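*Asks:* The structure file input-v6.pdb (PDB, C-alpha atoms) is provided below.
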```
MODEL        1
ATOM      1  CA  MET A  74      68.826  39.907  67.988
ATOM      2  CA  LEU A  75      70.853  40.087  64.791
ATOM      3  CA  ALA A  76      68.239  42.320  63.143
ATOM      4  CA  ALA A  77      68.189  44.613  66.163
ATOM      5  CA  GLY A  78      71.979  44.851  66.092
ATOM      6  CA  LEU A  79      72.027  45.748  62.418
ATOM      7  CA  ALA A  80      69.351  48.386  62.958
ATOM      8  CA  ALA A  81      71.371  49.954  65.766
ATOM      9  CA  ALA A  82      74.516  49.926  63.656
ATOM     10  CA  HIS A  83      72.751  51.842  60.941
ATOM     11  CA  ALA A  84      70.823  54.229  63.253
ATOM     12  CA  GLN A  85      71.091  57.809  62.139
ATOM     13  CA  SER A  86      71.125  60.845  64.394
ATOM     14  CA  ARG A  87      69.572  63.956  62.859
ATOM     15  CA  TRP A  88      70.608  67.136  64.641
ATOM     16  CA  ASN A  89      69.714  70.810  64.224
ATOM     17  CA  LEU A  90      72.178  73.678  64.567
ATOM     18  CA  PRO A  91      70.809  77.249  64.562
ATOM     19  CA  THR A  92      72.990  80.296  63.995
ATOM     20  CA  ALA A  93      72.070  83.960  63.714
ATOM     21  CA  TYR A  94      74.406  84.703  60.814
ATOM     22  CA  ALA A  95      73.924  84.628  57.067
ATOM     23  CA  ASP A  96      74.930  81.781  54.764
ATOM     24  CA  ASN A  97      77.775  83.839  53.315
ATOM     25  CA  ASN A  98      79.237  84.703  56.734
ATOM     26  CA  PHE A  99      82.604  83.057  57.351
ATOM     27  CA  HIS A 100      81.443  81.591  60.684
ATOM     28  CA  THR A 101      78.477  79.939  58.956
ATOM     29  CA  GLN A 102      80.687  78.641  56.166
ATOM     30  CA  ASN A 103      83.048  77.205  58.762
ATOM     31  CA  ILE A 104      80.141  75.414  60.456
ATOM     32  CA  LYS A 105      78.971  73.980  57.132
ATOM     33  CA  THR A 106      82.453  72.583  56.521
ATOM     34  CA  LEU A 107      82.332  70.974  59.964
ATOM     35  CA  VAL A 108      78.936  69.454  59.170
ATOM     36  CA  ASP A 109      80.248  68.015  55.898
ATOM     37  CA  GLU A 110      83.285  66.543  57.655
ATOM     38  CA  VAL A 111      81.145  64.939  60.367
ATOM     39  CA  ARG A 112      78.746  63.474  57.811
ATOM     40  CA  GLN A 113      81.641  62.009  55.844
ATOM     41  CA  ALA A 114      83.499  60.690  58.902
ATOM     42  CA  THR A 115      80.384  58.972  60.283
ATOM     43  CA  GLY A 116      79.142  57.658  56.953
ATOM     44  CA  GLY A 117      76.030  59.778  57.365
ATOM     45  CA  LYS A 118      75.185  58.429  60.844
ATOM     46  CA  LEU A 119      75.351  61.956  62.258
ATOM     47  CA  ASP A 120      73.533  64.396  59.985
ATOM     48  CA  ILE A 121      73.422  68.036  61.149
ATOM     49  CA  ALA A 122      71.082  70.592  59.553
ATOM     50  CA  VAL A 123      72.327  74.205  59.734
ATOM     51  CA  HIS A 124      69.636  76.884  60.170
ATOM     52  CA  SER A 125      71.322  80.202  59.308
ATOM     53  CA  GLY A 126      70.201  83.823  59.432
ATOM     54  CA  ALA A 127      68.199  83.440  62.678
ATOM     55  CA  SER A 128      65.679  81.384  60.707
ATOM     56  CA  LEU A 129      65.054  78.910  63.544
ATOM     57  CA  TYR A 130      65.991  80.919  66.645
ATOM     58  CA  LYS A 131      67.267  84.432  67.181
ATOM     59  CA  MET A 132      70.749  84.550  68.634
ATOM     60  CA  PRO A 133      69.696  85.400  72.247
ATOM     61  CA  GLU A 134      67.450  82.309  72.193
ATOM     62  CA  ILE A 135      69.976  79.791  70.927
ATOM     63  CA  LYS A 136      71.803  78.852  74.140
ATOM     64  CA  ARG A 137      68.516  78.174  75.909
ATOM     65  CA  ALA A 138      67.296  76.070  72.970
ATOM     66  CA  VAL A 139      70.434  73.904  73.130
ATOM     67  CA  GLN A 140      70.326  73.725  76.917
ATOM     68  CA  THR A 141      66.730  72.484  76.954
ATOM     69  CA  GLY A 142      67.311  70.005  74.128
ATOM     70  CA  GLN A 143      65.069  71.729  71.590
ATOM     71  CA  VAL A 144      68.106  71.568  69.306
ATOM     72  CA  GLN A 145      71.317  69.600  69.771
ATOM     73  CA  MET A 146      73.864  72.279  68.789
ATOM     74  CA  GLY A 147      74.011  76.015  68.264
ATOM     75  CA  GLU A 148      76.304  78.958  67.640
ATOM     76  CA  VAL A 149      76.256  81.911  70.031
ATOM     77  CA  LEU A 150      78.119  85.152  70.540
ATOM     78  CA  VAL A 151      79.910  84.556  73.845
ATOM     79  CA  SER A 152      79.471  88.088  75.183
ATOM     80  CA  ALA A 153      75.717  87.942  74.587
ATOM     81  CA  LEU A 154      75.625  85.684  77.671
ATOM     82  CA  ALA A 155      77.153  88.359  79.922
ATOM     83  CA  ASN A 156      73.980  88.695  81.972
ATOM     84  CA  GLU A 157      74.354  85.048  82.992
ATOM     85  CA  ASP A 158      77.954  85.332  84.172
ATOM     86  CA  PRO A 159      80.580  88.142  83.960
ATOM     87  CA  MET A 160      83.176  85.758  82.519
ATOM     88  CA  TYR A 161      81.206  85.633  79.254
ATOM     89  CA  GLU A 162      81.511  89.419  79.047
ATOM     90  CA  LEU A 163      85.272  89.288  78.469
ATOM     91  CA  TRP A 164      84.985  89.372  74.692
ATOM     92  CA  SER A 165      83.182  92.694  74.672
ATOM     93  CA  VAL A 166      85.306  94.616  77.176
ATOM     94  CA  PRO A 167      86.583  97.484  75.001
ATOM     95  CA  PHE A 168      90.319  97.681  74.340
ATOM     96  CA  VAL A 169      91.177  94.781  76.657
ATOM     97  CA  ALA A 170      93.176  93.245  73.777
ATOM     98  CA  GLN A 171      95.214  94.950  71.088
ATOM     99  CA  SER A 172      95.976  92.043  68.759
ATOM    100  CA  TYR A 173      94.922  88.534  67.863
ATOM    101  CA  ASP A 174      97.908  87.204  69.827
ATOM    102  CA  HIS A 175      96.384  88.870  72.889
ATOM    103  CA  VAL A 176      92.995  87.419  72.023
ATOM    104  CA  ARG A 177      94.424  83.897  71.770
ATOM    105  CA  THR A 178      96.070  84.295  75.180
ATOM    106  CA  LEU A 179      92.763  85.419  76.662
ATOM    107  CA  PHE A 180      90.902  82.547  75.048
ATOM    108  CA  GLN A 181      93.373  79.907  76.208
ATOM    109  CA  GLY A 182      93.337  81.322  79.713
ATOM    110  CA  SER A 183      89.578  81.688  79.932
ATOM    111  CA  ARG A 184      88.559  78.407  78.289
ATOM    112  CA  PRO A 185      88.563  76.307  81.489
ATOM    113  CA  PHE A 186      86.332  78.861  83.209
ATOM    114  CA  ILE A 187      83.966  79.057  80.224
ATOM    115  CA  GLU A 188      83.755  75.267  80.007
ATOM    116  CA  LYS A 189      82.991  74.999  83.726
ATOM    117  CA  ARG A 190      80.066  77.405  83.341
ATOM    118  CA  LEU A 191      78.738  75.583  80.281
ATOM    119  CA  GLN A 192      79.018  72.187  81.966
ATOM    120  CA  ARG A 193      76.922  73.519  84.837
ATOM    121  CA  ASP A 194      74.173  74.119  82.265
ATOM    122  CA  GLY A 195      74.499  70.702  80.645
ATOM    123  CA  LEU A 196      76.463  72.030  77.676
ATOM    124  CA  ARG A 197      79.749  71.224  75.967
ATOM    125  CA  LEU A 198      82.032  73.712  74.230
ATOM    126  CA  LEU A 199      82.847  72.261  70.829
ATOM    127  CA  TYR A 200      84.951  75.167  69.586
ATOM    128  CA  ALA A 201      85.302  78.940  69.581
ATOM    129  CA  ALA A 202      86.582  81.355  66.939
ATOM    130  CA  PRO A 203      86.936  85.152  66.872
ATOM    131  CA  TRP A 204      85.387  87.817  64.706
ATOM    132  CA  PRO A 205      87.263  90.623  63.022
ATOM    133  CA  TYR A 206      87.661  93.459  65.501
ATOM    134  CA  VAL A 207      84.859  95.991  65.692
ATOM    135  CA  GLY A 208      84.669  99.722  65.073
ATOM    136  CA  VAL A 209      81.981 102.365  64.764
ATOM    137  CA  PHE A 210      79.954 102.879  61.571
ATOM    138  CA  LEU A 211      78.085 106.162  61.143
ATOM    139  CA  LYS A 212      75.466 107.333  58.688
ATOM    140  CA  GLN A 213      77.340 110.623  58.258
ATOM    141  CA  ARG A 214      81.098 111.118  58.210
ATOM    142  CA  PRO A 215      82.280 112.181  61.720
ATOM    143  CA  GLU A 216      83.010 115.894  62.147
ATOM    144  CA  GLY A 217      83.782 118.335  64.924
ATOM    145  CA  ALA A 218      85.721 118.124  68.185
ATOM    146  CA  SER A 219      83.569 115.277  69.559
ATOM    147  CA  PRO A 220      82.506 113.340  66.451
ATOM    148  CA  LEU A 221      81.226 110.287  68.312
ATOM    149  CA  LYS A 222      78.868 112.098  70.657
ATOM    150  CA  GLY A 223      75.139 112.496  70.217
ATOM    151  CA  HIS A 224      74.469 109.501  67.964
ATOM    152  CA  LYS A 225      71.968 106.630  68.217
ATOM    153  CA  ILE A 226      74.220 103.610  67.867
ATOM    154  CA  ARG A 227      73.408  99.944  67.483
ATOM    155  CA  THR A 228      75.105  97.648  69.998
ATOM    156  CA  TYR A 229      74.853  93.910  70.541
ATOM    157  CA  ASP A 230      76.028  93.199  74.105
ATOM    158  CA  LYS A 231      76.826  94.758  77.469
ATOM    159  CA  GLY A 232      80.386  95.809  76.643
ATOM    160  CA  THR A 233      79.550  97.607  73.415
ATOM    161  CA  SER A 234      76.641  99.340  75.152
ATOM    162  CA  LEU A 235      78.936 100.617  77.930
ATOM    163  CA  PHE A 236      81.432 101.805  75.322
ATOM    164  CA  VAL A 237      78.770 103.779  73.464
ATOM    165  CA  GLU A 238      77.558 105.363  76.698
ATOM    166  CA  MET A 239      81.080 106.464  77.575
ATOM    167  CA  ILE A 240      81.657 108.157  74.207
ATOM    168  CA  GLY A 241      78.493 110.203  74.774
ATOM    169  CA  SER A 242      75.967 108.471  72.513
ATOM    170  CA  THR A 243      72.856 106.397  73.166
ATOM    171  CA  HIS A 244      72.634 102.710  72.368
ATOM    172  CA  THR A 245      70.009 100.270  71.165
ATOM    173  CA  THR A 246      70.479  96.496  70.956
ATOM    174  CA  VAL A 247      69.792  95.334  67.392
ATOM    175  CA  GLN A 248      70.459  91.855  66.004
ATOM    176  CA  ALA A 249      72.494  91.574  62.805
ATOM    177  CA  ALA A 250      69.500  90.459  60.728
ATOM    178  CA  GLU A 251      67.562  93.601  61.748
ATOM    179  CA  ILE A 252      70.222  96.285  61.200
ATOM    180  CA  ALA A 253      69.038  97.552  57.807
ATOM    181  CA  GLN A 254      65.481  98.038  59.057
ATOM    182  CA  ALA A 255      66.713  99.862  62.173
ATOM    183  CA  PHE A 256      68.593 102.359  59.994
ATOM    184  CA  ALA A 257      65.651 102.752  57.611
ATOM    185  CA  THR A 258      63.241 103.565  60.444
ATOM    186  CA  GLY A 259      65.603 105.968  62.207
ATOM    187  CA  ILE A 260      66.021 103.840  65.318
ATOM    188  CA  ILE A 261      69.793 104.112  64.838
ATOM    189  CA  ASN A 262      72.183 106.245  62.812
ATOM    190  CA  GLY A 263      75.307 104.296  63.693
ATOM    191  CA  MET A 264      76.433 100.843  64.755
ATOM    192  CA  VAL A 265      79.259  99.057  66.500
ATOM    193  CA  THR A 266      80.260  96.029  64.459
ATOM    194  CA  SER A 267      82.947  94.512  62.257
ATOM    195  CA  THR A 268      83.463  95.146  58.566
ATOM    196  CA  THR A 269      82.412  91.504  58.057
ATOM    197  CA  THR A 270      78.923  92.112  59.421
ATOM    198  CA  ALA A 271      78.848  95.417  57.560
ATOM    199  CA  HIS A 272      79.547  93.552  54.343
ATOM    200  CA  ASP A 273      76.986  90.825  55.108
ATOM    201  CA  THR A 274      74.280  93.443  55.750
ATOM    202  CA  LYS A 275      75.232  95.725  52.796
ATOM    203  CA  ALA A 276      76.027  98.586  55.143
ATOM    204  CA  TRP A 277      77.003 100.907  52.277
ATOM    205  CA  GLU A 278      73.286 101.329  51.654
ATOM    206  CA  TYR A 279      72.863 103.175  54.967
ATOM    207  CA  VAL A 280      76.262 104.302  56.336
ATOM    208  CA  SER A 281      79.058 106.417  54.894
ATOM    209  CA  ALA A 282      81.959 106.116  57.357
ATOM    210  CA  TYR A 283      83.733 103.559  59.526
ATOM    211  CA  ILE A 284      85.933 104.609  62.452
ATOM    212  CA  ASP A 285      88.599 101.908  62.750
ATOM    213  CA  ALA A 286      88.540 101.880  66.563
ATOM    214  CA  ARG A 287      89.440  98.190  67.026
ATOM    215  CA  ALA A 288      87.354  98.393  70.168
ATOM    216  CA  SER A 289      86.964  94.669  70.839
ATOM    217  CA  TYR A 290      87.487  91.250  69.353
ATOM    218  CA  PRO A 291      84.183  89.363  69.674
ATOM    219  CA  MET A 292      84.147  85.597  69.996
ATOM    220  CA  ASN A 293      81.604  83.036  68.790
ATOM    221  CA  MET A 294      81.298  79.549  70.189
ATOM    222  CA  VAL A 295      79.544  76.412  69.029
ATOM    223  CA  ILE A 296      77.955  74.525  71.898
ATOM    224  CA  VAL A 297      76.471  71.025  72.147
ATOM    225  CA  ASN A 298      73.825  69.590  74.444
ATOM    226  CA  GLU A 299      75.783  67.177  76.649
ATOM    227  CA  ARG A 300      73.024  64.553  76.832
ATOM    228  CA  SER A 301      72.715  64.541  73.030
ATOM    229  CA  PHE A 302      76.480  64.182  72.731
ATOM    230  CA  ARG A 303      76.585  61.242  75.132
ATOM    231  CA  ALA A 304      73.774  59.548  73.224
ATOM    232  CA  LEU A 305      76.045  59.272  70.175
ATOM    233  CA  ASP A 306      78.181  56.218  69.622
ATOM    234  CA  GLU A 307      81.855  56.614  70.459
ATOM    235  CA  ALA A 308      82.979  56.940  66.830
ATOM    236  CA  SER A 309      80.476  59.731  66.156
ATOM    237  CA  GLN A 310      81.546  61.553  69.322
ATOM    238  CA  LYS A 311      85.167  61.436  68.173
ATOM    239  CA  ALA A 312      84.246  62.598  64.672
ATOM    240  CA  LEU A 313      82.397  65.606  66.103
ATOM    241  CA  VAL A 314      85.179  66.566  68.536
ATOM    242  CA  ASP A 315      87.869  66.204  65.861
ATOM    243  CA  ALA A 316      85.864  68.272  63.364
ATOM    244  CA  GLY A 317      85.371  70.900  66.063
ATOM    245  CA  ALA A 318      89.120  71.172  66.635
ATOM    246  CA  ARG A 319      89.691  71.679  62.916
ATOM    247  CA  ALA A 320      86.891  74.252  62.730
ATOM    248  CA  GLN A 321      88.440  76.211  65.556
ATOM    249  CA  GLU A 322      91.815  76.340  63.832
ATOM    250  CA  ARG A 323      90.207  77.333  60.507
ATOM    251  CA  GLY A 324      88.350  80.152  62.222
ATOM    252  CA  TRP A 325      91.469  81.581  63.824
ATOM    253  CA  GLN A 326      93.462  81.315  60.617
ATOM    254  CA  ARG A 327      90.726  82.878  58.498
ATOM    255  CA  VAL A 328      89.869  85.882  60.635
ATOM    256  CA  GLN A 329      93.034  87.956  60.211
ATOM    257  CA  ALA A 330      93.039  87.664  56.425
ATOM    258  CA  LEU A 331      89.337  88.440  56.461
ATOM    259  CA  VAL A 332      89.908  91.774  58.232
ATOM    260  CA  LYS A 333      91.941  93.048  55.288
ATOM    261  CA  GLU A 334      89.527  91.591  52.721
ATOM    262  CA  MET A 335      86.421  93.100  54.326
ATOM    263  CA  ASP A 336      88.044  96.501  54.945
ATOM    264  CA  ALA A 337      88.893  96.649  51.246
ATOM    265  CA  LYS A 338      85.421  95.512  50.162
ATOM    266  CA  VAL A 339      83.470  98.050  52.224
ATOM    267  CA  ALA A 340      85.860 100.783  51.092
ATOM    268  CA  GLU A 341      85.233  99.791  47.460
ATOM    269  CA  LYS A 342      81.511 100.245  48.120
ATOM    270  CA  GLY A 343      82.065 103.836  49.209
ATOM    271  CA  ILE A 344      82.383 103.631  52.996
ATOM    272  CA  ALA A 345      85.184 105.909  54.172
ATOM    273  CA  ILE A 346      87.566 104.185  56.606
ATOM    274  CA  VAL A 347      88.586 106.783  59.179
ATOM    275  CA  GLN A 348      91.522 106.298  61.552
ATOM    276  CA  PRO A 349      90.975 107.557  65.118
ATOM    277  CA  THR A 350      92.508 110.912  65.913
ATOM    278  CA  PRO A 351      95.074 111.131  68.746
ATOM    279  CA  ALA A 352      92.354 112.609  70.953
ATOM    280  CA  MET A 353      90.062 109.645  70.165
ATOM    281  CA  GLN A 354      92.841 107.169  70.879
ATOM    282  CA  ALA A 355      93.526 108.758  74.258
ATOM    283  CA  GLU A 356      89.809 108.630  75.072
ATOM    284  CA  PHE A 357      89.642 104.987  74.007
ATOM    285  CA  ARG A 358      92.608 104.054  76.251
ATOM    286  CA  ASP A 359      90.984 105.709  79.253
ATOM    287  CA  ILE A 360      87.682 103.952  78.547
ATOM    288  CA  GLY A 361      89.465 100.610  78.201
ATOM    289  CA  LYS A 362      91.288 100.897  81.514
ATOM    290  CA  LYS A 363      88.147 101.892  83.373
ATOM    291  CA  LEU A 364      85.906  99.198  81.892
ATOM    292  CA  ALA A 365      88.527  96.441  82.238
ATOM    293  CA  ALA A 366      88.952  97.251  85.933
ATOM    294  CA  GLU A 367      85.190  97.253  86.445
ATOM    295  CA  TRP A 368      84.851  93.931  84.621
ATOM    296  CA  ALA A 369      87.599  92.292  86.688
ATOM    297  CA  GLN A 370      85.877  93.404  89.872
ATOM    298  CA  ARG A 371      82.610  91.837  88.726
ATOM    299  CA  ALA A 372      84.181  88.631  87.423
ATOM    300  CA  GLY A 373      86.548  88.023  90.343
ATOM    301  CA  PRO A 374      90.166  86.815  90.747
ATOM    302  CA  ASP A 375      90.113  84.640  87.616
ATOM    303  CA  ALA A 376      89.514  87.773  85.531
ATOM    304  CA  THR A 377      92.303  89.686  87.275
ATOM    305  CA  GLU A 378      94.738  86.875  86.482
ATOM    306  CA  LEU A 379      93.676  86.820  82.825
ATOM    307  CA  LEU A 380      94.279  90.552  82.467
ATOM    308  CA  LYS A 381      97.760  90.106  83.934
ATOM    309  CA  GLN A 382      98.483  87.401  81.362
ATOM    310  CA  VAL A 383      97.550  89.579  78.410
ATOM    311  CA  ALA A 384      99.380  92.607  79.838
ATOM    312  CA  HIS A 385     102.655  90.667  79.565
ATOM    313  CA  GLN A 386     102.182  89.811  75.881
TER     314      GLN A 386
ENDMDL
END
```
Would you mind writing the structure in this file as structure tokens?
*Replies:*
Amino acid sequence: MLAAGLAAAHAQSRWNLPTAYADNNFHTQNIKTLVDEVRQATGGKLDIAVHSGASLYKMPEIKRAVQTGQVQMGEVLVSALANEDPMYELWSVPFVAQSYDHVRTLFQGSRPFIEKRLQRDGLRLLYAAPWPYVGVFLKQRPEGASPLKGHKIRTYDKGTSLFVEMIGSTHTTVQAAEIAQAFATGIINGMVTSTTTAHDTKAWEYVSAYIDARASYPMNMVIVNERSFRALDEASQKALVDAGARAQERGWQRVQALVKEMDAKVAEKGIAIVQPTPAMQAEFRDIGKKLAAEWAQRAGPDATELLKQVAHQ
């Protein structure tokens, strides 16, 4: 009995955590800090291996892998789950938020609804953190009266695809790890993304201009298989939850400084940062109102209430 008790006390849980983003991405770095903190807090009893750059699963596959227990944790882009439930789509509705204060209000208001949907699938939300806002990168500098029309633009979720349709271009879903190849083969000549992803993928090798549209503020979340979580001892559960809370705060603090850093870095590499013209801004406002109303209708009264909250910020 004593030997069995000692063995249980020293049992180690080895977990896997896939993410689609590169090692140098700030979300991945944040996860690695979390992993280090958990390892230290549990004395190595909970050891989490991070699989970055879509090396284990591509991003659209990660939620399912966590849900089925193939891995114990994973990082996903929230809006990539929009086809499962309209509430996940919130973070890609163009121009629904105009600042990170608005984004925080939306996150705080939507969290109970997101958690309810995850719990239904046997998942736990550990934490969520935003990306820098996204704009439009183009191979050629925009010109003419309708500079955003007629392009083949990379998108990554339902909201960005609708946005691209409404500005008069065609869209193709391309994962971050495949962007360079898509440009090289002519599948796309533009992309909707943040300057962070542009920097990670060395966008200056295939684009020349960035329209600072601030179209949306994407959100990532780290999720945990609930059965795997409950299998941990109480101390390890607490260590993971506490590390998750710290990771969330780090992510929110880091993102706003990162916007300025990444804008400066891509500009240094030769990408022209172009501010939207008044005509573009008016078009963007109209698109935002239309798509937000359509989203609220799909997502129901909870979505309508959230939009009211952010409107009063």
*Asks:* Please produce, as a tab-separated table, a per-residue contact table for region 218-264 of chain A versus region 82-97 of chain A (criterion: any atom at most 12 Å away, only C-alpha atoms considered), showing the nearest atom pair and its distance in Å to one decimal, sorted by chain then residue number.
*Replies:*
```
residue	atom	partner	partner_atom	distance
A:Gln248	CA	A:Ala93	CA	8.4
A:Ala249	CA	A:Tyr94	CA	7.4
A:Ala250	CA	A:Tyr94	CA	7.6
A:Glu251	CA	A:Ala93	CA	10.8
```
*Asks:* How would you write, as a VMD selection string, the residues chosen by the PyMOL selection byres ((chain A and resi 323) around 12) on this structure?
*Replies:* chain A and resid 99 to 100 102 to 104 106 to 107 200 to 203 316 to 322 324 to 331
*Asks:* For this file, the PyMOL selection byres ((chain A and resi 347) around 7) selects which residues, as an NGL selection string?
*Replies:* :A and (282-285 or 345-346 or 348-349)
*Asks:* Considering only C-alpha atoms, state which residue in the set A:Ala376, A:Met264, A:Ala308, A:Ala257 is at the smallest distance from Thr228 (chain A).
*Replies:*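 Smallest distance to Thr228 (chain A) is found for A:Met264.
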*Asks:* Considering all atoms listed in the file, state which residue in the set A:Pro205, A:Pro351, A:Gly232, A:Gly373 is at the smallest distance from Thr270 (chain A).
*Replies:*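 Of the candidates, the smallest distance to Thr270 (chain A) is held by A:Pro205.
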*Asks:* Select, from A:Met132, A:Ala155, A:Leu379, A:Val166, the residue with the minimum atom-to-atom distance to Arg358 (chain A), counting all atoms listed in the file.
*Replies:*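 Answer, going by the shortest atom-to-atom distance: A:Val166.
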*Asks:* May I ask which of the residues A:Ala276, A:Ile260, A:Val314, A:Leu191 is the closest one to Thr243 (chain A), counting all atoms listed in the file?
*Replies:*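 Looking at the shortest contact to Thr243 (chain A), the residue is A:Ile260.
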*Asks:* List, as a ChimeraX atom specification, every residue that the PyMOL selection byres ((chain A and resi 168) around 10) selects in the file provided.
*Replies:* /A:164-167,169-172,236,286-290,357-362,364-365
*Asks:* For the atom pair CA of Met160 (chain A) and CA of Glu299 (chain A), what is the interatomic distance in Å to one decimal place?
*Replies:*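 One can read the CA of Met160 (chain A) to CA of Glu299 (chain A) distance as 20.8 Å.
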*Asks:* Would you kindly return, as a count of residues only, each protein, DNA or RNA residue with an atom no farther than 9 Å from any atom of Arg190 (chain A), considering all atoms listed in the file and excluding same-chain residues fewer than 5 positions away?
*Replies:* 4
*Asks:* Which residue out of A:Lys311, A:Asn98, A:Val332, A:Leu150 has the minimum interatomic distance to Thr115 (chain A) when all atoms listed in the file are used?
*Replies:*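 Residue with the minimum atom-to-atom distance to Thr115 (chain A): A:Lys311.
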*Asks:* With only C-alpha atoms as the atoms that count, which of A:Val111, A:Ala271, A:Leu154, A:Met146 lies nearest to Asp336 (chain A)?
*Replies:*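 Among the listed residues, the smallest separation from Asp336 (chain A) belongs to A:Ala271.
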